[in-house]
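Report on the structure given below.
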Amino acid sequence: MSELLKEAKIGRRNAKATLTRAGKTLRHTLHVQRPAEEVKQSLTKLQEAYEKLITKHEELTKLIEDDAEFETEEAWLADCQEAFMNFEIEGKKHLDEAAKQVSEENITNSQPSASASDAHNENNSDQNENNNLNLEQVLPDNALPVSNDVSTGSQAVATGGEVPTENSTCGFRMEKPKLPNISGDARY
């Protein structure tokens, strides 16, 4: 083996070690769920390491004269390429998922905020108070107003003996009676 060929193999081996370290760094970054920026940086380092490996491999293959040895080295590069693509795909999947989460958060944030719904509820309570005042002015002396809690959105009013039938709901709920827990002999 010539001295140049030996140096080219050592250079390629070192480039492969750099690629392996960059791939492990990317996997670790993904495993601990680091932010998308850090994943992008790891992915960039991985791509740079792969490009250096390709360059070193081409320098080596220029020095190889035997076809069988050339095929062996190309098979080695194919294995390295497959490992690189697996690392790259993992990183890009993580970045796609992170982008989806950011877009979902943006959609959630664009919906009306809680303060807007509070203001809407405040306006509704003001209207309910105005409706109560109007009912008190219209009701005869023997009428009994029923609270707004009985039915949602409508006010039920009971007048002397009349029972409202439209949209009436029962405001009373029966609680289940609490029974004692009995274990074993229940004689008293």
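Each chain of the structure tokens is named A, B, ... in the order shown, its residues numbered from 1; ligands are numbered from 1 in display order.
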
* Neighbour list for Lys92 (chain A) as a list in words, cut-off 12 Å, only C-alpha atoms, skip fewer than 2 positions in-chain -> Leu26, Arg27, Leu30, Ala36, Glu37, Val39, Lys40, Gln41, Ser42, Leu43, Thr44, Met85, Asn86, Phe87, Glu88, Ile89, Glu90, His94, Leu95, Asp96, Glu97, Ala98 and Ala99 of chain A

* Which polymer residues have any atom within 10 Å of an atom of region 14-16 of chain A, counting only C-alpha atoms, with same-chain residues fewer than 2 positions away left out, as a PyMOL selection string? -> chain A and resi 8-12+18-22+49-57+77+80

* Structure fact -> Correct to one decimal, the distance CA of Glu59 (chain A)-CA of Glu82 (chain A) is 20.4 Å

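Interatomic distance, CA of Leu4 (chain A) against CA of Glu48 (chain A): 24.3 Å.
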
* Quick one: distance from CA of Lys45 (chain A) to CA of Leu63 (chain A) in Å, one decimal? ->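 Value for the CA of Lys45 (chain A)-CA of Leu63 (chain A) distance: 27.9 Å.
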